[in-house]
$ cat structure.cif   # mmCIF, C-alpha atoms
data_start
loop_
_atom_site.label_atom_id
_atom_site.label_comp_id
_atom_site.auth_asym_id
_atom_site.auth_seq_id
_atom_site.Cartn_x
_atom_site.Cartn_y
_atom_site.Cartn_z
CA MET C 1177 -25.38 -26.79 -8.39
CA ALA C 1178 -22.78 -29.10 -6.78
CA ALA C 1179 -24.78 -29.42 -3.57
CA GLY C 1180 -27.87 -30.47 -5.56
CA GLN C 1181 -25.93 -33.14 -7.43
CA CYS C 1182 -24.53 -34.41 -4.14
CA ARG C 1183 -28.01 -34.70 -2.66
CA MET C 1184 -29.22 -36.62 -5.73
CA SER C 1185 -26.28 -39.03 -5.50
CA LEU C 1186 -26.80 -39.51 -1.79
CA THR C 1187 -30.48 -40.32 -2.41
CA ALA C 1188 -29.52 -42.89 -5.05
CA LEU C 1189 -27.04 -44.53 -2.71
CA SER C 1190 -29.61 -44.57 0.07
CA ILE C 1191 -32.08 -46.39 -2.23
CA LEU C 1192 -29.32 -48.86 -3.15
CA ALA C 1193 -28.54 -49.44 0.50
CA ILE C 1194 -32.21 -50.06 1.28
CA TRP C 1195 -32.32 -52.52 -1.59
CA LEU C 1196 -29.17 -54.26 -0.35
CA PHE C 1197 -30.33 -54.45 3.25
CA PHE C 1198 -33.96 -55.38 2.66
CA GLY C 1199 -34.52 -56.39 -0.96
CA LEU C 1200 -31.78 -58.95 -1.46
CA PRO C 1201 -32.32 -60.69 1.87
CA LEU C 1202 -36.00 -61.15 0.99
CA ILE C 1203 -35.17 -62.60 -2.42
CA TYR C 1204 -32.29 -64.77 -1.30
CA ALA C 1205 -33.54 -65.57 2.18
CA PRO C 1206 -31.80 -68.63 3.60
CA ALA C 1207 -33.70 -71.86 4.17
CA ALA C 1208 -34.73 -72.53 7.69
CA THR C 1209 -32.51 -75.60 7.79
CA THR C 1210 -29.25 -73.85 6.99
CA GLY C 1211 -29.67 -70.68 9.02
CA LEU C 1212 -28.22 -67.25 8.41
CA TRP C 1213 -24.61 -68.23 9.09
CA GLY C 1214 -24.80 -71.17 6.77
CA TRP C 1215 -26.35 -69.03 4.04
CA LEU C 1216 -23.58 -66.45 4.39
CA SER C 1217 -20.67 -68.92 4.61
CA ARG C 1218 -21.76 -71.80 2.31
CA ASP C 1219 -24.10 -70.15 -0.22
CA ALA C 1220 -22.55 -67.92 -2.91
CA SER C 1221 -25.63 -65.71 -3.03
CA GLY C 1222 -25.44 -65.10 0.69
CA PHE C 1223 -21.72 -64.40 0.61
CA PHE C 1224 -21.92 -61.90 -2.23
CA THR C 1225 -25.01 -60.32 -0.74
CA PHE C 1226 -23.12 -59.74 2.50
CA LEU C 1227 -20.14 -58.39 0.53
CA LEU C 1228 -22.41 -55.98 -1.32
CA LEU C 1229 -23.82 -54.83 2.01
CA ILE C 1230 -20.35 -54.04 3.29
CA VAL C 1231 -19.35 -52.22 0.09
CA GLY C 1232 -22.60 -50.25 -0.01
CA ALA C 1233 -22.28 -49.25 3.64
CA GLY C 1234 -18.69 -48.13 3.02
CA GLN C 1235 -19.74 -46.10 0.00
CA ILE C 1236 -22.49 -44.43 1.97
CA VAL C 1237 -20.07 -43.49 4.76
CA LEU C 1238 -17.46 -42.28 2.27
CA PHE C 1239 -19.99 -40.27 0.29
CA TRP C 1240 -21.40 -38.69 3.44
CA TYR C 1241 -17.88 -37.65 4.40
CA GLN C 1242 -17.27 -36.26 0.91
CA LEU C 1243 -20.54 -34.37 1.04
CA ARG C 1244 -19.51 -32.86 4.35
CA LEU C 1245 -16.17 -31.79 2.87
CA ILE C 1246 -17.98 -30.27 -0.11
CA ARG C 1247 -20.25 -28.29 2.21
CA VAL C 1248 -17.25 -27.01 4.15
CA SER C 1249 -15.47 -26.06 0.92
CA LEU C 1250 -18.61 -24.33 -0.37
CA ASP C 1251 -18.88 -22.31 2.85
CA GLU C 1252 -15.22 -21.35 2.56
CA ALA C 1253 -15.75 -20.46 -1.10
CA LYS C 1254 -18.70 -18.25 -0.14
CA ILE C 1255 -16.60 -16.51 2.48
CA SER C 1256 -13.75 -16.05 0.01
CA ALA C 1257 -16.14 -14.75 -2.65
CA ALA C 1258 -17.68 -12.29 -0.19
CA ALA C 1259 -14.21 -11.13 0.86
CA ALA C 1260 -13.18 -10.76 -2.77
CA ALA C 1261 -16.36 -8.77 -3.51
CA ASP C 1262 -15.68 -6.48 -0.54
CA ALA C 1263 -12.08 -6.04 -1.67
CA ALA C 1264 -13.27 -5.23 -5.22
CA LYS C 1265 -15.73 -2.67 -3.87
CA ALA C 1266 -13.02 -1.12 -1.69
CA SER C 1267 -10.64 -0.98 -4.66
CA SER C 1268 -13.36 0.58 -6.79
CA ARG C 1269 -14.05 3.19 -4.11
CA GLN C 1270 -10.35 3.95 -3.77
CA ALA C 1271 -9.99 4.26 -7.54
CA TYR C 1272 -13.00 6.59 -7.68
CA ILE C 1273 -11.64 8.71 -4.82
CA ALA C 1274 -8.23 8.84 -6.48
CA GLU C 1275 -9.80 9.87 -9.79
CA GLU C 1276 -11.92 12.53 -8.12
CA THR C 1277 -8.93 13.83 -6.17
CA PHE C 1278 -6.82 13.98 -9.32
CA ALA C 1279 -9.61 15.74 -11.20
CA LYS C 1280 -9.98 18.30 -8.41
CA ILE C 1281 -6.25 18.94 -8.15
CA GLU C 1282 -5.27 18.78 -11.81
CA ARG C 1283 -7.85 21.21 -13.17
CA PRO C 1284 -8.17 24.96 -13.75
CA TYR C 1285 -9.86 27.25 -11.24
CA LEU C 1286 -11.10 30.59 -12.54
CA PHE C 1287 -12.11 33.35 -10.15
CA VAL C 1288 -13.68 36.75 -10.70
CA PHE C 1289 -12.42 39.12 -8.02
CA LYS C 1290 -11.05 42.58 -7.27
CA VAL C 1291 -14.23 44.35 -8.35
CA SER C 1292 -13.56 48.08 -8.14
CA SER C 1293 -15.69 50.87 -6.77
CA LEU C 1294 -18.25 52.42 -9.08
CA THR C 1295 -17.30 55.41 -11.19
CA VAL C 1296 -19.73 57.64 -13.07
CA GLU C 1297 -18.75 59.42 -16.26
CA GLU C 1298 -20.69 62.13 -18.04
CA PHE C 1299 -19.93 63.50 -21.46
CA GLU C 1300 -21.65 65.24 -24.31
CA ASP C 1301 -21.27 65.05 -28.06
CA VAL C 1302 -23.27 66.15 -31.03
CA ASP C 1303 -25.79 63.41 -30.36
CA GLY C 1304 -26.55 64.42 -26.79
CA HIS C 1305 -25.61 63.93 -23.15
CA TYR C 1306 -24.56 60.51 -21.86
CA THR C 1307 -23.92 59.04 -18.44
CA TRP C 1308 -21.99 55.78 -17.99
CA LEU C 1309 -21.62 53.62 -14.90
CA ASN C 1310 -18.21 51.93 -14.92
CA VAL C 1311 -16.65 49.15 -12.88
CA LYS C 1312 -13.44 47.15 -13.30
CA TYR C 1313 -12.73 43.58 -12.28
CA SER C 1314 -10.06 40.89 -12.58
CA VAL C 1315 -10.09 37.26 -13.67
CA ALA C 1316 -7.39 34.80 -12.55
CA ASN C 1317 -6.64 31.12 -13.01
CA HIS C 1318 -5.51 29.63 -9.70
CA GLY C 1319 -5.46 26.07 -11.04
CA LYS C 1320 -2.53 23.95 -12.19
CA ILE C 1321 -3.50 23.73 -15.86
CA PRO C 1322 -4.80 26.23 -18.43
CA ALA C 1323 -8.44 27.30 -18.46
CA ILE C 1324 -10.32 27.63 -21.73
CA ILE C 1325 -13.32 29.95 -21.55
CA LYS C 1326 -16.34 28.58 -23.38
CA CYS C 1327 -18.84 31.30 -22.53
CA ALA C 1328 -18.79 34.46 -20.42
CA GLN C 1329 -21.68 36.62 -19.19
CA VAL C 1330 -20.91 39.87 -17.38
CA SER C 1331 -23.07 42.94 -16.89
CA LEU C 1332 -24.27 45.73 -14.63
CA SER C 1333 -28.02 45.93 -14.08
CA VAL C 1334 -30.42 48.14 -12.15
CA PHE C 1335 -33.44 46.39 -10.71
CA SER C 1336 -34.89 45.15 -7.43
CA GLU C 1337 -33.01 41.85 -8.01
CA PRO C 1338 -30.08 40.91 -10.24
CA LEU C 1339 -30.95 40.42 -13.88
CA PRO C 1340 -29.29 37.61 -15.89
CA PRO C 1341 -26.02 39.02 -17.27
CA ALA C 1342 -25.58 39.59 -20.98
CA ARG C 1343 -23.27 37.35 -22.99
CA LEU C 1344 -19.96 38.97 -23.89
CA GLU C 1345 -19.38 39.71 -27.55
CA VAL C 1346 -16.64 38.12 -29.64
CA HIS C 1347 -14.34 41.19 -29.47
CA HIS C 1348 -14.22 41.10 -25.66
CA SER C 1349 -10.78 40.11 -24.32
CA LEU C 1350 -12.19 37.10 -22.42
CA ILE C 1351 -13.73 35.74 -25.63
CA SER C 1352 -11.12 36.77 -28.19
CA ALA C 1353 -8.32 35.35 -25.99
CA PRO C 1354 -10.12 32.54 -24.12
CA ILE C 1355 -7.08 30.60 -22.83
CA ILE C 1356 -5.90 31.70 -19.38
CA ALA C 1357 -2.63 30.11 -18.29
CA PRO C 1358 -2.05 28.76 -14.75
CA GLY C 1359 -1.34 31.69 -12.44
CA GLU C 1360 -2.34 34.27 -15.05
CA VAL C 1361 -4.26 37.31 -13.81
CA ARG C 1362 -6.14 39.60 -16.15
CA GLU C 1363 -6.67 42.89 -14.38
CA GLY C 1364 -8.65 46.00 -15.11
CA ILE C 1365 -11.37 44.41 -17.27
CA GLU C 1366 -14.04 47.06 -17.68
CA GLU C 1367 -17.81 46.70 -17.63
CA ARG C 1368 -20.07 49.64 -18.45
CA LEU C 1369 -23.76 50.48 -18.26
CA GLN C 1370 -25.43 53.47 -19.86
CA TRP C 1371 -27.45 55.27 -17.18
CA ASN C 1372 -30.51 57.30 -18.14
CA GLY C 1373 -31.62 58.11 -14.60
CA PRO C 1374 -30.77 61.04 -12.33
CA VAL C 1375 -27.26 61.55 -10.97
CA GLY C 1376 -26.24 63.06 -7.62
CA ASN C 1377 -23.08 63.65 -5.62
CA ASP C 1378 -21.67 61.95 -2.54
CA GLU C 1379 -19.95 63.70 0.36
CA TYR C 1380 -16.73 63.85 -1.64
CA GLN C 1381 -18.57 65.39 -4.61
CA ASN C 1382 -18.18 62.24 -6.69
CA LEU C 1383 -20.97 61.52 -9.12
CA ILE C 1384 -23.31 58.72 -8.01
CA PRO C 1385 -26.47 57.38 -9.66
CA ASP C 1386 -29.77 58.04 -7.96
CA LEU C 1387 -31.18 54.50 -7.96
CA GLY C 1388 -34.38 55.28 -6.06
CA THR C 1389 -35.84 52.02 -4.72
CA ASP C 1390 -33.82 49.83 -7.10
CA GLU C 1391 -30.40 48.26 -6.64
CA LEU C 1392 -27.31 48.19 -8.83
CA TRP C 1393 -25.90 44.71 -9.43
CA PHE C 1394 -22.68 43.32 -10.83
CA TRP C 1395 -23.04 39.71 -12.00
CA ALA C 1396 -20.45 37.60 -13.80
CA ILE C 1397 -20.80 34.00 -15.01
CA ILE C 1398 -17.88 32.28 -16.76
CA ALA C 1399 -18.17 28.73 -18.10
CA TYR C 1400 -14.84 27.10 -18.90
CA ARG C 1401 -13.02 23.83 -19.29
CA GLY C 1402 -9.53 22.41 -18.96
CA PRO C 1403 -7.48 20.30 -21.38
CA PHE C 1404 -8.79 17.13 -19.69
CA THR C 1405 -11.81 18.29 -17.69
CA ASP C 1406 -15.03 20.10 -18.53
CA GLN C 1407 -18.25 21.58 -17.13
CA HIS C 1408 -16.57 24.13 -14.85
CA GLU C 1409 -18.17 27.43 -13.93
CA THR C 1410 -17.52 30.40 -11.69
CA ARG C 1411 -20.21 32.88 -10.63
CA VAL C 1412 -20.09 36.06 -8.58
CA CYS C 1413 -23.01 38.40 -7.90
CA LEU C 1414 -22.41 41.66 -5.97
CA ARG C 1415 -24.71 44.44 -4.81
CA TYR C 1416 -23.70 48.10 -4.98
CA ASP C 1417 -23.53 49.83 -1.61
CA GLN C 1418 -24.50 53.48 -2.15
CA ALA C 1419 -23.03 54.49 1.19
CA THR C 1420 -19.50 53.35 0.35
CA GLY C 1421 -19.54 53.28 -3.44
CA TRP C 1422 -18.26 49.69 -3.45
CA PHE C 1423 -19.83 46.41 -4.46
CA THR C 1424 -20.48 43.98 -1.61
CA GLY C 1425 -21.36 40.30 -1.51
CA PRO C 1426 -21.45 37.69 -2.71
CA PHE C 1427 -25.21 37.76 -3.10
CA GLY C 1428 -27.64 34.85 -3.34
CA GLY C 1429 -27.11 31.11 -3.41
CA PRO C 1430 -25.32 28.76 -5.83
CA ASP C 1431 -27.34 30.12 -8.75
CA HIS C 1432 -25.81 33.54 -8.21
CA SER C 1433 -22.37 32.97 -6.66
CA GLY C 1434 -20.05 30.01 -6.35
CA GLU C 1435 -17.66 27.70 -8.20
CA LYS C 1436 -17.95 24.23 -9.62
#
$ encode --input "structure.cif" --output "structure tokens"
Amino acid sequence: MAAGQCRMSLTALSILAIWLFFGLPLIYAPAATTGLWGWLSRDASGFFTFLLLIVGAGQIVLFWYQLRLIRVSLDEAKISAAAAADAAKASSRQAYIAEETFAKIERPYLFVFKVSSLTVEEFEDVDGHYTWLNVKYSVANHGKIPAIIKCAQVSLSVFSEPLPPARLEVHHSLISAPIIAPGEVREGIEERLQWNGPVGNDEYQNLIPDLGTDELWFWAIIAYRGPFTDQHETRVCLRYDQATGWFTGPFGGPDHSGEK
């Protein structure tokens, strides 16, 4: 905006200078008898015309110098503005990194771990014969602040691939007592599956399910939040190894196992 105004002013002064140099001399041209020097020294019109020429020329020189200073100051202002913008971006990045770092440090971290070997229980009552597949696991908060469980899905399933785990009911300990303090470990949480298929024995005469071509899966998904953070989740999916009787893994990608 300032540069445009300067150019307009400079154009106006240039037109004035042209008028002073060429227009006035044509109007007030000296007579041939007096000559130029006589017109300038003895005629008031010549004297003031010459004075206006000097003033106009000085104004043009001064304005050109001012315009040059303005251009220099504008360039310096652009450089300063660019530097300030870069500094603002750097500060914004640093603030974002600091916020992300704080959020990652000052947040809960729930983990499902210590999944036990599989045990098989058989019993009979008046209603018939039942077989249960049992496994125990632990949940711990390794973060610096409490974790509040919003939803938990844990189950055993028998299929060629893991089936989505069932949502835990309200009487389950993870749902009825959803706040897990920093450093707290809840051990020995049991998950059971009623088994209607055949049962065999391993080399130690322990009962094992005869899965045929299927696989036995343990899959846990816990969604939780902290007092100041949200949208956290831990997942672990394990496959039962019939040779050892233990669950191995983790299985699958981020949809099956991982933390966020």
$ atom_distance --input "structure.cif" --atom1 "CA of Ile1355 in chain C" --atom2 "CA of Arg1283 in chain C"
13.5 Å
$ atom_distance --input "structure.cif" --atom1 "CA of Phe1287 in chain C" --atom2 "CA of Ala1396 in chain C"
10.0 Å
$ closest_residue --input "structure.cif" --among "C:Ile1398, C:Cys1327, C:Leu1339, C:Val1315" --to "Pro1358 in chain C" --atoms "only C-alpha atoms"
C:Val1315
$ resolve_selection --input "structure.cif" --expression "the PyMOL selection byres ((chain C and resi 1286) around 12)" --output "VMD selection string"
chain C and resid 1283 to 1285 1287 to 1289 1314 to 1325 1328 1350 1354 to 1362 1396 to 1402 1408 to 1412 1434 to 1436
$ resolve_selection --input "structure.cif" --expression "the PyMOL selection byres ((chain C and resi 1387-1393) around 7)" --output "ChimeraX atom specification"
/C:1332-1336,1338,1385-1386,1394-1395,1414-1416
$ write_last_selection --input "structure.cif" --atoms "C-alpha atoms" --output "mmCIF file, in the coordinates of the input"
data_model
loop_
_atom_site.group_PDB
_atom_site.id
_atom_site.type_symbol
_atom_site.label_atom_id
_atom_site.label_comp_id
_atom_site.auth_asym_id
_atom_site.auth_seq_id
_atom_site.Cartn_x
_atom_site.Cartn_y
_atom_site.Cartn_z
ATOM 1 C CA LEU C 1332 -24.270 45.730 -14.630
ATOM 2 C CA SER C 1333 -28.020 45.930 -14.080
ATOM 3 C CA VAL C 1334 -30.420 48.140 -12.150
ATOM 4 C CA PHE C 1335 -33.440 46.390 -10.710
ATOM 5 C CA SER C 1336 -34.890 45.150 -7.430
ATOM 6 C CA PRO C 1338 -30.080 40.910 -10.240
ATOM 7 C CA PRO C 1385 -26.470 57.380 -9.660
ATOM 8 C CA ASP C 1386 -29.770 58.040 -7.960
ATOM 9 C CA PHE C 1394 -22.680 43.320 -10.830
ATOM 10 C CA TRP C 1395 -23.040 39.710 -12.000
ATOM 11 C CA LEU C 1414 -22.410 41.660 -5.970
ATOM 12 C CA ARG C 1415 -24.710 44.440 -4.810
ATOM 13 C CA TYR C 1416 -23.700 48.100 -4.980
#
$ atom_distance --input "structure.cif" --atom1 "CA of Pro1340 in chain C" --atom2 "CA of Glu1367 in chain C"
14.7 Å
$ residues_around --input "structure.cif" --residues "Val1375 in chain C" --least-positions-apart "6" --cutoff "12 Å" --atoms "all atoms listed in the file" --output "list in words"
Thr1295, Val1296, Glu1297, Glu1298, Tyr1306, Thr1307, Trp1308, Leu1309, Gln1381, Asn1382, Leu1383, Ile1384, Pro1385, Asp1386, Leu1387 and Gly1388 of chain C
$ axis_aligned_box --input "structure.cif" --around "range 1385-1389 of chain C" --padding-each-side "6 Å" --output "AutoDock Vina command-line options"
--center_x -31.2 --center_y 55.0 --center_z -7.2 --size_x 21.4 --size_y 18.0 --size_z 16.9
$ resolve_selection --input "structure.cif" --expression "the PyMOL selection byres ((chain C and resi 1343) around 6)" --output "ChimeraX atom specification"
/C:1328-1329,1342,1344
$ closest_residue --input "structure.cif" --among "C:Cys1413, C:Trp1240, C:Lys1290, C:Pro1426" --to "Pro1341 in chain C" --atoms "all atoms listed in the file"
C:Cys1413
$ decode --input "structure.cif" --residues "range 1288-1363 of chain C" --atoms "C-alpha atoms" --output "short mmCIF file (atom, residue, chain, number, x, y, z; two decimals), in the first residue's frame"
data_model
loop_
_atom_site.label_atom_id
_atom_site.label_comp_id
_atom_site.auth_asym_id
_atom_site.auth_seq_id
_atom_site.Cartn_x
_atom_site.Cartn_y
_atom_site.Cartn_z
CA VAL C 1288 -3.28 -57.15 30.05
CA PHE C 1289 -0.57 -59.68 30.83
CA LYS C 1290 0.36 -62.80 32.76
CA VAL C 1291 -2.15 -64.99 30.93
CA SER C 1292 -2.03 -68.42 32.55
CA SER C 1293 -1.99 -71.85 30.99
CA LEU C 1294 -5.31 -73.42 30.10
CA THR C 1295 -7.10 -75.60 32.63
CA VAL C 1296 -10.04 -77.86 31.90
CA GLU C 1297 -12.66 -78.65 34.51
CA GLU C 1298 -15.36 -81.29 34.30
CA PHE C 1299 -18.24 -81.68 36.70
CA GLU C 1300 -21.70 -83.13 36.80
CA ASP C 1301 -24.89 -82.06 38.52
CA VAL C 1302 -28.52 -82.93 38.24
CA ASP C 1303 -28.74 -81.06 34.96
CA GLY C 1304 -25.95 -82.95 33.23
CA HIS C 1305 -22.23 -83.05 32.51
CA TYR C 1306 -20.29 -79.83 31.91
CA THR C 1307 -16.80 -79.02 30.72
CA TRP C 1308 -15.25 -75.57 31.26
CA LEU C 1309 -12.11 -74.10 29.75
CA ASN C 1310 -10.50 -71.71 32.23
CA VAL C 1311 -7.73 -69.14 31.98
CA LYS C 1312 -6.53 -66.41 34.36
CA TYR C 1313 -4.96 -63.07 33.52
CA SER C 1314 -3.82 -59.84 35.17
CA VAL C 1315 -4.46 -56.17 34.48
CA ALA C 1316 -2.06 -53.45 35.67
CA ASN C 1317 -1.79 -49.69 35.41
CA HIS C 1318 1.81 -48.71 34.68
CA GLY C 1319 0.97 -45.04 34.18
CA LYS C 1320 1.40 -42.11 36.55
CA ILE C 1321 -2.28 -41.34 37.04
CA PRO C 1322 -5.40 -43.47 37.64
CA ALA C 1323 -7.08 -45.31 34.79
CA ILE C 1324 -10.86 -45.36 34.50
CA ILE C 1325 -12.20 -48.29 32.50
CA LYS C 1326 -15.02 -47.30 30.16
CA CYS C 1327 -15.59 -50.64 28.46
CA ALA C 1328 -13.98 -54.07 28.63
CA GLN C 1329 -14.32 -57.05 26.28
CA VAL C 1330 -12.68 -60.35 27.22
CA SER C 1331 -13.46 -63.87 26.07
CA LEU C 1332 -12.22 -67.27 24.98
CA SER C 1333 -13.36 -68.44 21.55
CA VAL C 1334 -12.86 -71.51 19.37
CA PHE C 1335 -12.69 -70.85 15.66
CA SER C 1336 -10.25 -70.69 12.76
CA GLU C 1337 -9.64 -67.01 13.64
CA PRO C 1338 -10.30 -64.97 16.78
CA LEU C 1339 -13.90 -63.93 17.28
CA PRO C 1340 -14.71 -60.45 18.66
CA PRO C 1341 -14.69 -60.74 22.47
CA ALA C 1342 -17.89 -60.39 24.45
CA ARG C 1343 -18.49 -57.30 26.56
CA LEU C 1344 -18.04 -57.89 30.29
CA GLU C 1345 -21.14 -57.67 32.42
CA VAL C 1346 -21.70 -55.09 35.15
CA HIS C 1347 -20.86 -57.51 38.01
CA HIS C 1348 -17.38 -58.21 36.62
CA SER C 1349 -14.60 -56.77 38.81
CA LEU C 1350 -13.20 -54.63 35.96
CA ILE C 1351 -16.62 -53.02 35.44
CA SER C 1352 -17.90 -52.85 39.01
CA ALA C 1353 -14.59 -51.32 40.19
CA PRO C 1354 -13.40 -49.47 37.06
CA ILE C 1355 -10.75 -47.20 38.65
CA ILE C 1356 -7.25 -48.71 38.67
CA ALA C 1357 -4.71 -46.68 40.64
CA PRO C 1358 -1.16 -46.02 39.38
CA GLY C 1359 0.94 -49.13 39.99
CA GLU C 1360 -2.09 -51.25 40.89
CA VAL C 1361 -2.10 -54.84 39.64
CA ARG C 1362 -5.23 -56.96 39.58
CA GLU C 1363 -4.18 -60.57 39.42
#
